[in-house]
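query38.pdb follows; it contains PDB, C-alpha atoms.
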ATOM      1  CA  MET P   1       9.997   2.261  13.977  1.00  0.00           C
ATOM      2  CA  SER P   2       6.926   4.116  12.772  1.00  0.00           C
ATOM      3  CA  ILE P   3       4.437   2.473  10.445  1.00  0.00           C
ATOM      4  CA  LEU P   4       1.941   4.052   8.064  1.00  0.00           C
ATOM      5  CA  ALA P   5      -0.993   1.760   7.278  1.00  0.00           C
ATOM      6  CA  LEU P   6      -2.705   2.689   4.030  1.00  0.00           C
ATOM      7  CA  TYR P   7      -6.164   1.155   3.843  1.00  0.00           C
ATOM      8  CA  CYS P   8      -7.073   0.937   0.182  1.00  0.00           C
ATOM      9  CA  SER P   9     -10.599  -0.440   0.256  1.00  0.00           C
ATOM     10  CA  THR P  10     -13.628   1.590  -0.687  1.00  0.00           C
ATOM     11  CA  ARG P  11     -15.295   0.597   2.581  1.00  0.00           C
ATOM     12  CA  ARG P  12     -14.273   0.629   6.219  1.00  0.00           C
ATOM     13  CA  GLN P  13     -13.728  -2.504   8.286  1.00  0.00           C
ATOM     14  CA  GLY P  14     -13.279  -4.651   5.204  1.00  0.00           C
ATOM     15  CA  ASN P  15     -11.347  -7.897   5.318  1.00  0.00           C
ATOM     16  CA  SER P  16      -8.016  -6.338   4.360  1.00  0.00           C
ATOM     17  CA  GLU P  17      -8.389  -3.723   7.109  1.00  0.00           C
ATOM     18  CA  LEU P  18      -9.299  -6.356   9.712  1.00  0.00           C
ATOM     19  CA  LEU P  19      -6.233  -8.421   8.838  1.00  0.00           C
ATOM     20  CA  ALA P  20      -3.916  -5.400   8.709  1.00  0.00           C
ATOM     21  CA  ASP P  21      -5.148  -4.254  12.109  1.00  0.00           C
ATOM     22  CA  ILE P  22      -3.836  -7.501  13.585  1.00  0.00           C
ATOM     23  CA  VAL P  23      -0.436  -6.849  12.013  1.00  0.00           C
ATOM     24  CA  VAL P  24      -0.139  -3.343  13.501  1.00  0.00           C
ATOM     25  CA  GLU P  25      -1.868  -3.918  16.846  1.00  0.00           C
ATOM     26  CA  GLY P  26       0.077  -2.239  19.653  1.00  0.00           C
ATOM     27  CA  LEU P  27       2.639  -0.698  17.286  1.00  0.00           C
ATOM     28  CA  ASP P  28       3.432   2.940  16.513  1.00  0.00           C
ATOM     29  CA  CYS P  29       1.103   3.194  13.534  1.00  0.00           C
ATOM     30  CA  THR P  30      -0.666   5.974  11.685  1.00  0.00           C
ATOM     31  CA  LYS P  31      -3.729   4.771   9.787  1.00  0.00           C
ATOM     32  CA  ILE P  32      -4.996   6.419   6.610  1.00  0.00           C
ATOM     33  CA  HIS P  33      -7.971   5.381   4.496  1.00  0.00           C
ATOM     34  CA  LEU P  34      -7.236   6.364   0.905  1.00  0.00           C
ATOM     35  CA  LYS P  35     -10.989   6.546   0.215  1.00  0.00           C
ATOM     36  CA  ASP P  36     -11.148   9.574   2.514  1.00  0.00           C
ATOM     37  CA  HIS P  37      -8.716  11.503   0.286  1.00  0.00           C
ATOM     38  CA  HIS P  38      -9.065  13.041  -3.134  1.00  0.00           C
ATOM     39  CA  ILE P  39      -6.425  11.647  -5.509  1.00  0.00           C
ATOM     40  CA  GLU P  40      -6.564  12.624  -9.168  1.00  0.00           C
ATOM     41  CA  PRO P  41      -5.354  10.165 -11.805  1.00  0.00           C
ATOM     42  CA  ILE P  42      -1.974  10.854 -13.352  1.00  0.00           C
ATOM     43  CA  ARG P  43      -1.654  13.097 -16.379  1.00  0.00           C
ATOM     44  CA  ASP P  44       1.634  12.060 -17.889  1.00  0.00           C
ATOM     45  CA  PHE P  45       3.749  15.107 -18.670  1.00  0.00           C
ATOM     46  CA  ARG P  46       7.132  13.358 -18.335  1.00  0.00           C
ATOM     47  CA  HIS P  47       8.160  14.347 -21.832  1.00  0.00           C
ATOM     48  CA  ASP P  48       6.606  17.802 -21.816  1.00  0.00           C
ATOM     49  CA  PRO P  49       9.277  20.552 -21.670  1.00  0.00           C
ATOM     50  CA  GLU P  50       7.492  22.085 -18.672  1.00  0.00           C
ATOM     51  CA  GLY P  51       7.160  18.727 -16.876  1.00  0.00           C
ATOM     52  CA  PHE P  52       4.343  17.761 -14.587  1.00  0.00           C
ATOM     53  CA  LYS P  53       1.786  20.404 -13.670  1.00  0.00           C
ATOM     54  CA  PRO P  54       0.667  21.004 -10.081  1.00  0.00           C
ATOM     55  CA  VAL P  55      -2.421  19.016  -9.097  1.00  0.00           C
ATOM     56  CA  HIS P  56      -4.722  20.321  -6.404  1.00  0.00           C
ATOM     57  CA  ASP P  57      -5.651  17.220  -4.451  1.00  0.00           C
ATOM     58  CA  ASP P  58      -4.470  15.290  -1.377  1.00  0.00           C
ATOM     59  CA  HIS P  59      -1.617  13.373  -2.990  1.00  0.00           C
ATOM     60  CA  ALA P  60       1.265  15.609  -1.891  1.00  0.00           C
ATOM     61  CA  LYS P  61      -0.019  15.552   1.695  1.00  0.00           C
ATOM     62  CA  LEU P  62      -0.095  11.728   1.596  1.00  0.00           C
ATOM     63  CA  ILE P  63       3.435  11.592   0.172  1.00  0.00           C
ATOM     64  CA  ARG P  64       4.686  13.802   3.018  1.00  0.00           C
ATOM     65  CA  GLU P  65       3.024  11.389   5.439  1.00  0.00           C
ATOM     66  CA  ILE P  66       4.672   8.367   3.810  1.00  0.00           C
ATOM     67  CA  LEU P  67       8.074  10.040   3.949  1.00  0.00           C
ATOM     68  CA  ASN P  68       7.655  10.634   7.689  1.00  0.00           C
ATOM     69  CA  HIS P  69       7.425   6.889   8.419  1.00  0.00           C
ATOM     70  CA  ASP P  70       9.933   4.045   8.359  1.00  0.00           C
ATOM     71  CA  MET P  71       7.568   1.412   7.027  1.00  0.00           C
ATOM     72  CA  PHE P  72       4.285   1.352   5.241  1.00  0.00           C
ATOM     73  CA  LEU P  73       1.649  -1.313   5.032  1.00  0.00           C
ATOM     74  CA  PHE P  74      -0.685  -1.490   2.080  1.00  0.00           C
ATOM     75  CA  ALA P  75      -3.959  -3.178   3.075  1.00  0.00           C
ATOM     76  CA  THR P  76      -6.020  -3.794  -0.017  1.00  0.00           C
ATOM     77  CA  PRO P  77      -8.760  -6.020  -1.329  1.00  0.00           C
ATOM     78  CA  ILE P  78      -8.205  -7.750  -4.630  1.00  0.00           C
ATOM     79  CA  TYR P  79     -10.435  -5.957  -7.148  1.00  0.00           C
ATOM     80  CA  TRP P  80     -10.771  -7.742 -10.457  1.00  0.00           C
ATOM     81  CA  TYR P  81      -7.467  -9.549  -9.814  1.00  0.00           C
ATOM     82  CA  GLY P  82      -5.571  -6.334  -9.132  1.00  0.00           C
ATOM     83  CA  MET P  83      -5.450  -3.282  -6.913  1.00  0.00           C
ATOM     84  CA  PRO P  84      -8.349  -0.862  -6.464  1.00  0.00           C
ATOM     85  CA  GLY P  85      -8.313   2.210  -8.690  1.00  0.00           C
ATOM     86  CA  ILE P  86      -7.651   4.639  -5.842  1.00  0.00           C
ATOM     87  CA  LEU P  87      -4.468   2.746  -4.924  1.00  0.00           C
ATOM     88  CA  LYS P  88      -3.394   2.572  -8.559  1.00  0.00           C
ATOM     89  CA  ASN P  89      -3.903   6.343  -8.880  1.00  0.00           C
ATOM     90  CA  PHE P  90      -1.905   6.907  -5.696  1.00  0.00           C
ATOM     91  CA  ILE P  91       1.048   4.826  -6.899  1.00  0.00           C
ATOM     92  CA  ASP P  92       0.891   6.092 -10.496  1.00  0.00           C
ATOM     93  CA  ARG P  93       1.239   9.626  -9.191  1.00  0.00           C
ATOM     94  CA  TRP P  94       4.611   8.738  -7.638  1.00  0.00           C
ATOM     95  CA  SER P  95       5.908   9.419 -11.162  1.00  0.00           C
ATOM     96  CA  THR P  96       5.256  13.131 -10.654  1.00  0.00           C
ATOM     97  CA  TYR P  97       7.904  13.170  -7.910  1.00  0.00           C
ATOM     98  CA  TYR P  98      10.372  10.944  -9.695  1.00  0.00           C
ATOM     99  CA  SER P  99      12.336  13.783 -11.305  1.00  0.00           C
ATOM    100  CA  ASP P 100      13.153  14.876  -7.750  1.00  0.00           C
ATOM    101  CA  MET P 101      15.762  12.217  -6.995  1.00  0.00           C
ATOM    102  CA  THR P 102      15.470  12.884  -3.282  1.00  0.00           C
ATOM    103  CA  PHE P 103      12.013  11.280  -3.471  1.00  0.00           C
ATOM    104  CA  LYS P 104      13.387   7.983  -4.748  1.00  0.00           C
ATOM    105  CA  ASP P 105      16.318   8.188  -2.309  1.00  0.00           C
ATOM    106  CA  ARG P 106      13.974   8.738   0.622  1.00  0.00           C
ATOM    107  CA  MET P 107      11.620   6.001  -0.536  1.00  0.00           C
ATOM    108  CA  SER P 108      14.565   3.597  -0.784  1.00  0.00           C
ATOM    109  CA  GLU P 109      15.016   3.983   2.976  1.00  0.00           C
ATOM    110  CA  LYS P 110      11.542   2.509   3.574  1.00  0.00           C
ATOM    111  CA  GLU P 111      10.201  -0.961   4.140  1.00  0.00           C
ATOM    112  CA  ALA P 112       6.805  -2.213   3.008  1.00  0.00           C
ATOM    113  CA  ILE P 113       4.320  -4.897   3.949  1.00  0.00           C
ATOM    114  CA  VAL P 114       1.337  -5.856   1.823  1.00  0.00           C
ATOM    115  CA  VAL P 115      -1.904  -7.362   3.120  1.00  0.00           C
ATOM    116  CA  VAL P 116      -4.402  -8.432   0.473  1.00  0.00           C
ATOM    117  CA  THR P 117      -7.702 -10.239   0.763  1.00  0.00           C
ATOM    118  CA  GLY P 118     -10.088 -11.649  -1.759  1.00  0.00           C
ATOM    119  CA  GLY P 119     -12.614 -14.367  -2.331  1.00  0.00           C
ATOM    120  CA  ASP P 120     -12.093 -16.286  -5.532  1.00  0.00           C
ATOM    121  CA  ASP P 121      -9.023 -18.449  -4.658  1.00  0.00           C
ATOM    122  CA  PRO P 122      -6.931 -15.453  -3.526  1.00  0.00           C
ATOM    123  CA  HIS P 123      -3.720 -17.408  -2.891  1.00  0.00           C
ATOM    124  CA  ILE P 124      -3.518 -18.171  -6.606  1.00  0.00           C
ATOM    125  CA  LYS P 125      -5.380 -15.295  -8.244  1.00  0.00           C
ATOM    126  CA  GLY P 126      -4.051 -12.643  -5.858  1.00  0.00           C
ATOM    127  CA  PHE P 127      -0.415 -13.544  -6.323  1.00  0.00           C
ATOM    128  CA  PRO P 128       0.015 -11.379  -9.454  1.00  0.00           C
ATOM    129  CA  LEU P 129      -0.939  -8.397  -7.265  1.00  0.00           C
ATOM    130  CA  ILE P 130       1.825  -9.366  -4.831  1.00  0.00           C
ATOM    131  CA  GLN P 131       4.216  -9.555  -7.787  1.00  0.00           C
ATOM    132  CA  GLN P 132       3.102  -6.107  -8.941  1.00  0.00           C
ATOM    133  CA  PHE P 133       3.940  -4.709  -5.505  1.00  0.00           C
ATOM    134  CA  TYR P 134       7.273  -6.540  -5.624  1.00  0.00           C
ATOM    135  CA  TRP P 135       8.227  -4.815  -8.895  1.00  0.00           C
ATOM    136  CA  ILE P 136       6.985  -1.399  -7.712  1.00  0.00           C
ATOM    137  CA  PHE P 137       9.067  -1.704  -4.548  1.00  0.00           C
ATOM    138  CA  GLU P 138      12.078  -3.058  -6.436  1.00  0.00           C
ATOM    139  CA  PHE P 139      11.964  -0.094  -8.820  1.00  0.00           C
ATOM    140  CA  MET P 140      11.814   2.370  -5.921  1.00  0.00           C
ATOM    141  CA  GLY P 141      14.421   0.550  -3.828  1.00  0.00           C
ATOM    142  CA  ILE P 142      11.884  -0.168  -1.071  1.00  0.00           C
ATOM    143  CA  GLU P 143      12.531  -3.296   0.993  1.00  0.00           C
ATOM    144  CA  PHE P 144       9.554  -5.651   0.591  1.00  0.00           C
ATOM    145  CA  THR P 145       9.475  -7.070   4.108  1.00  0.00           C
ATOM    146  CA  ASN P 146       6.505  -9.431   3.939  1.00  0.00           C
ATOM    147  CA  TYR P 147       3.018 -10.044   2.620  1.00  0.00           C
ATOM    148  CA  ILE P 148      -0.155 -11.834   3.649  1.00  0.00           C
ATOM    149  CA  ILE P 149      -2.914 -13.089   1.384  1.00  0.00           C
ATOM    150  CA  GLY P 150      -6.186 -13.665   3.208  1.00  0.00           C
ATOM    151  CA  ASN P 151      -9.331 -15.428   2.099  1.00  0.00           C
ATOM    152  CA  GLY P 152     -12.325 -13.177   2.561  1.00  0.00           C
ATOM    153  CA  ASN P 153     -15.137 -12.119   0.278  1.00  0.00           C
ATOM    154  CA  ASN P 154     -18.025 -11.226   2.570  1.00  0.00           C
ATOM    155  CA  PRO P 155     -17.551  -8.889   5.537  1.00  0.00           C
ATOM    156  CA  GLY P 156     -15.557 -10.599   8.297  1.00  0.00           C
ATOM    157  CA  ASP P 157     -14.755 -13.740   6.278  1.00  0.00           C
ATOM    158  CA  VAL P 158     -11.011 -13.272   6.777  1.00  0.00           C
ATOM    159  CA  LEU P 159     -11.456 -13.820  10.520  1.00  0.00           C
ATOM    160  CA  ARG P 160     -12.077 -17.494   9.674  1.00  0.00           C
ATOM    161  CA  ASP P 161      -8.857 -17.806   7.645  1.00  0.00           C
ATOM    162  CA  LEU P 162      -6.674 -19.341  10.354  1.00  0.00           C
ATOM    163  CA  ASN P 163      -3.530 -19.336   8.212  1.00  0.00           C
ATOM    164  CA  ALA P 164      -3.800 -15.620   7.427  1.00  0.00           C
ATOM    165  CA  LEU P 165      -4.619 -14.802  11.063  1.00  0.00           C
ATOM    166  CA  SER P 166      -1.625 -16.792  12.257  1.00  0.00           C
ATOM    167  CA  LYS P 167       0.701 -15.081   9.787  1.00  0.00           C
ATOM    168  CA  ALA P 168      -0.652 -11.655  10.815  1.00  0.00           C
ATOM    169  CA  GLU P 169      -0.028 -12.454  14.495  1.00  0.00           C
ATOM    170  CA  GLN P 170       3.496 -13.733  13.727  1.00  0.00           C
ATOM    171  CA  LEU P 171       4.269 -10.604  11.726  1.00  0.00           C
ATOM    172  CA  ASN P 172       2.960  -8.441  14.571  1.00  0.00           C
ATOM    173  CA  HIS P 173       5.235 -10.290  16.979  1.00  0.00           C
ATOM    174  CA  GLN P 174       8.251  -9.833  14.683  1.00  0.00           C
ATOM    175  CA  LEU P 175       7.549  -6.113  14.331  1.00  0.00           C
ATOM    176  CA  ARG P 176       7.144  -5.713  18.098  1.00  0.00           C
ATOM    177  CA  MET P 177      10.515  -7.414  18.627  1.00  0.00           C
ATOM    178  CA  ARG P 178      12.128  -4.910  16.253  1.00  0.00           C
ATOM    179  CA  GLY P 179      10.553  -2.128  18.320  1.00  0.00           C
TER     180      GLY P 179
END
Using structure tokens, write down the structure that the file contains.
Amino acid sequence: MSILALYCSTRRQGNSELLADIVVEGLDCTKIHLKDHHIEPIRDFRHDPEGFKPVHDDHAKLIREILNHDMFLFATPIYWYGMPGILKNFIDRWSTYYSDMTFKDRMSEKEAIVVVTGGDDPHIKGFPLIQQFYWIFEFMGIEFTNYIIGNGNNPGDVLRDLNALSKAEQLNHQLRMRG
């Protein structure tokens, strides 16, 4: 089983990345930081007779990478009670591939894990973000395997969230057993 970890923070070694790294430790995992890639926002041409226009950015390369893995892990901070803009742009752009039904078919063969971290009572205020991922995955036919919500606002805070750390270690163990 190959895993693609998509780090969606605007900084490296943030709380969501630290927690996700525990989940994927020792596993066959490719790590990508979305902030290192240029992703244009969607321009909705669904109803245009010519359809979507080609966009010259890194999105297609990232989609090819996703399709080459069995599972993906989204590691994201909670920004203003939702996902960061770069992640929203990345997911919104999936619509440009939706007319190609092989995209949805191939995505429906995937599994996903979500790791989110935030400060302001993340187990309550971050849950709508988990629900958003649930509906995205349900629409695409992606199996939503698991999620972790960690408490962390300042750098490294999540390493004091014993419940999140324990869940990350348990999830790592489960994934190792699946091999």
Exercise. Could you expand the PyMOL selection byres ((chain P and resi 132-148) around 10) into the explicit residues it covers here, written as a VMD selection string?
Key: chain P and resid 16 19 to 20 23 71 to 75 82 to 83 91 94 98 103 to 117 123 127 to 131 149 to 151 163 to 165 167 to 168 171
Exercise. Write out as a PyMOL selection string each polymer residue whose atoms come within 12 Å of Leu62 in chain P, counting only C-alpha atoms; drop sequence neighbours fewer than 3 positions from it.
Key: chain P and resi 4-6+30-34+36-39+57-59+65-69+72+87+90-91+93-94
Quiz item: Which is closer to Asp44 in chain P than all the others in P:Ser2, P:Thr76, P:Asn15, P:Thr96, using only C-alpha atoms?
Solution: P:Thr96
Quiz item: Interatomic distance between CA of Val24 in chain P and CA of Gly85 in chain P?
Solution: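 Going from CA of Val24 in chain P over to CA of Gly85 in chain P, I get 24.3 Å.
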Quiz item: Which distance in Å separates CA of Ser166 in chain P and CA of Trp80 in chain P, to one decimal?
Solution: 26.1 Å
Quiz item: Any idea what the distance is between CA of Met101 in chain P and CA of Arg178 in chain P?
Solution: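 Going from CA of Met101 in chain P over to CA of Arg178 in chain P covers 29.1 Å.
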Practice problem: Using the chain letters and numbers from the file, give me the residues hit by the PyMOL selection byres ((chain P and resi 1) around 7), as a list in words. | Solution: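 Taken on the displayed file, the PyMOL selection byres ((chain P and resi 1) around 7) yields the residues Ser2, Ile3, Asp70 and Gly179 of chain P.
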Self-check item: Of the listed residues P:Gly119, P:Asn172, P:Pro77, P:Ile86, that which approaches Glu17 in chain P most closely, counting all atoms listed in the file
Solution: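 Looking only at the distances to Glu17 in chain P, the closest residue turns out to be P:Pro77.
With distances taken over all atoms listed in the file, P:Gly126 is the one residue among P:Gln174, P:Gly126, P:Asp157, P:Glu169 lying closest to Ile78 in chain P.
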Quiz item: Of the residues P:Ile42, P:Leu18, P:Lys53, P:Lys125, which is the one nearest to Asp161 in chain P, using all atoms listed in the file?
Solution: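 Checking each candidate against Asp161 in chain P, we get P:Leu18 as the closest.
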Test item: axis-aligned box, all listed atoms of range 159-162 of chain P, 8 Å on each side, centre and edges in Å rounded to one decimal, as JSON:
{"center_x": -9.4, "center_y": -16.6, "center_z": 9.1, "size_x": 21.4, "size_y": 21.5, "size_z": 18.9}
